[in-house]
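Let me begin by presenting the structure, written as structure tokens, before commenting on it.
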Amino acid sequence: MSSPAPQTPAVSDPAHYRKALGHVPTSVSIITATGRGGPIGMTIGSFTSVSLTPPLIAFFIDKGSSTWPLMYESDRFGVNVLGHRHSELCRTFSRPVADRFEGVDWQPSPHGIPLLDEAIVALECTRVKVDVIGDHYQVVGRVESLEVRAADPPLVFVQGGFLDLTPPTVP
Ligand SMILES: Cc1cc2nc3c(=O)[nH]c(=O)nc-3n(C[C@H](O)[C@H](O)[C@H](O)COP(=O)(O)O)c2cc1C
């Protein structure tokens, strides 16, 4: 007689679910836009490339986000991919601070989108589609322009922390 399958924690246990999926490494980007009072932005790990022709990208936003409704007022947004030295920017743009741009260097793009000087890759996008997927919005954007600004390794988030991708120095 075969032994029963081992019991695994239920998918319905949110802590277990988050911890298990936290083993999947993600890139870290700051989505930016111009709000009524100036630049606004938030950290995301769900950025992904979708299509080359046409050039489409996507990311997922928690329906409870307080920043997304302000971003939605504009049909353009920026995606600022962070490099391996930018863990502090990742934290700043995921915290409830009054002005996430305080002390952060940025420039407006020709279309008025705030783009961070420190981004290793900066994209300007037009919003194409927003769908409700479970407790998130799936946002699809068309890439209007992009710039690779630094060859640094990306910031990688996994298991609640950052991978150190600092290249070794040759003695
Ligand atoms: C590494 C990392 C990745 C994140 N990825 C996402 C994401 O893909 N989607 C999302 O909605 N929130 C994500 N968050 C959380 C948001 O940054 C955070 O909840 C949000 O900025 C809360 O502020 P808000 O209410 O101003 O939107 C992430 C946070 C961190 C630290």
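Letters A, B, ... mark the chains of the structure tokens in the order given; residue numbers begin at 1 per chain; ligand numbers begin at 1, in order shown.
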Using only C-alpha atoms and all ligand atoms, determine which residues fall within 7 Å of ligand 1, then list them as a PyMOL selection string.
chain A and resi 28+42-47+59-62+64-68+90-91+93-96+157
Hey, can you spit out that residue selection with C-alpha atoms as a PDB file, in the first residue's frame?
```
ATOM      1  CA  VAL A  28      12.699  46.278  -9.051  1.00  0.00           C
ATOM      2  CA  MET A  42       5.781  53.647  -6.456  1.00  0.00           C
ATOM      3  CA  THR A  43       7.983  50.556  -6.313  1.00  0.00           C
ATOM      4  CA  ILE A  44       6.954  47.480  -8.270  1.00  0.00           C
ATOM      5  CA  GLY A  45       8.492  44.054  -8.728  1.00  0.00           C
ATOM      6  CA  SER A  46       5.966  42.821 -11.269  1.00  0.00           C
ATOM      7  CA  PHE A  47       7.315  44.609 -14.349  1.00  0.00           C
ATOM      8  CA  PHE A  59       2.895  45.185 -14.407  1.00  0.00           C
ATOM      9  CA  PHE A  60       0.451  44.462 -11.604  1.00  0.00           C
ATOM     10  CA  ILE A  61      -0.855  46.951  -9.047  1.00  0.00           C
ATOM     11  CA  ASP A  62      -2.583  46.092  -5.771  1.00  0.00           C
ATOM     12  CA  GLY A  64      -5.521  48.961  -2.483  1.00  0.00           C
ATOM     13  CA  SER A  65      -2.708  51.196  -3.778  1.00  0.00           C
ATOM     14  CA  SER A  66      -3.275  54.850  -2.952  1.00  0.00           C
ATOM     15  CA  THR A  67      -0.785  56.002  -5.601  1.00  0.00           C
ATOM     16  CA  TRP A  68      -2.298  54.197  -8.600  1.00  0.00           C
ATOM     17  CA  CYS A  90      13.207  50.777  -3.627  1.00  0.00           C
ATOM     18  CA  ARG A  91      12.372  51.283   0.047  1.00  0.00           C
ATOM     19  CA  PHE A  93       9.078  54.433  -3.040  1.00  0.00           C
ATOM     20  CA  SER A  94       7.296  51.630  -1.190  1.00  0.00           C
ATOM     21  CA  ARG A  95       6.840  53.566   2.079  1.00  0.00           C
ATOM     22  CA  PRO A  96       4.111  55.997   3.093  1.00  0.00           C
ATOM     23  CA  PHE A 157      14.545  41.251  -4.783  1.00  0.00           C
TER      24      PHE A 157
END
```
Pick out each residue of chain A that DSSP on the backbone tags as helix (DSSP H, G or I); I need them as a PyMOL selection string.
chain A and resi 14-21+68-71+87-92
Write out as an MDAnalysis selection string all residues of stretch 17-78 of chain A that DSSP puts in strand (DSSP E or B) for this structure's backbone.
chainID A and resid 26:27 29:35 38:44 48:51 56:62 76:78
Go ahead and write the selection's residues with C-alpha atoms as an mmCIF file, in the first residue's frame.
```cif
data_model
loop_
_atom_site.group_PDB
_atom_site.id
_atom_site.type_symbol
_atom_site.label_atom_id
_atom_site.label_comp_id
_atom_site.auth_asym_id
_atom_site.auth_seq_id
_atom_site.Cartn_x
_atom_site.Cartn_y
_atom_site.Cartn_z
ATOM 1 C CA THR A 26 12.085 39.852 -9.307
ATOM 2 C CA SER A 27 13.531 43.001 -10.813
ATOM 3 C CA SER A 29 11.316 49.326 -10.879
ATOM 4 C CA ILE A 30 9.748 52.615 -9.901
ATOM 5 C CA ILE A 31 6.624 53.521 -11.842
ATOM 6 C CA THR A 32 6.435 57.320 -12.133
ATOM 7 C CA ALA A 33 3.908 59.830 -13.392
ATOM 8 C CA THR A 34 3.021 63.474 -12.985
ATOM 9 C CA GLY A 35 0.263 63.925 -10.429
ATOM 10 C CA GLY A 38 4.009 67.090 -8.864
ATOM 11 C CA PRO A 39 5.860 63.833 -9.463
ATOM 12 C CA ILE A 40 4.490 60.606 -7.970
ATOM 13 C CA GLY A 41 5.895 57.106 -7.971
ATOM 14 C CA MET A 42 5.781 53.647 -6.456
ATOM 15 C CA THR A 43 7.983 50.556 -6.313
ATOM 16 C CA ILE A 44 6.954 47.480 -8.270
ATOM 17 C CA THR A 48 7.587 42.376 -17.413
ATOM 18 C CA SER A 49 8.136 42.663 -21.121
ATOM 19 C CA VAL A 50 5.097 41.453 -23.078
ATOM 20 C CA SER A 51 5.465 42.103 -26.819
ATOM 21 C CA LEU A 56 4.224 46.351 -24.887
ATOM 22 C CA ILE A 57 5.109 45.965 -21.210
ATOM 23 C CA ALA A 58 2.948 45.085 -18.193
ATOM 24 C CA PHE A 59 2.895 45.185 -14.407
ATOM 25 C CA PHE A 60 0.451 44.462 -11.604
ATOM 26 C CA ILE A 61 -0.855 46.951 -9.047
ATOM 27 C CA ASP A 62 -2.583 46.092 -5.771
ATOM 28 C CA ARG A 76 1.469 58.270 -19.599
ATOM 29 C CA PHE A 77 3.882 56.813 -17.080
ATOM 30 C CA GLY A 78 7.565 56.020 -16.712
#
```
Between A:Pro110, A:Val128, A:Val121, A:Ser87, which residue has the minimum interatomic distance to A:Ser74, considering only C-alpha atoms?
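Of A:Pro110, A:Val128, A:Val121, A:Ser87, the one nearest A:Ser74 is A:Val128, counting only C-alpha atoms.
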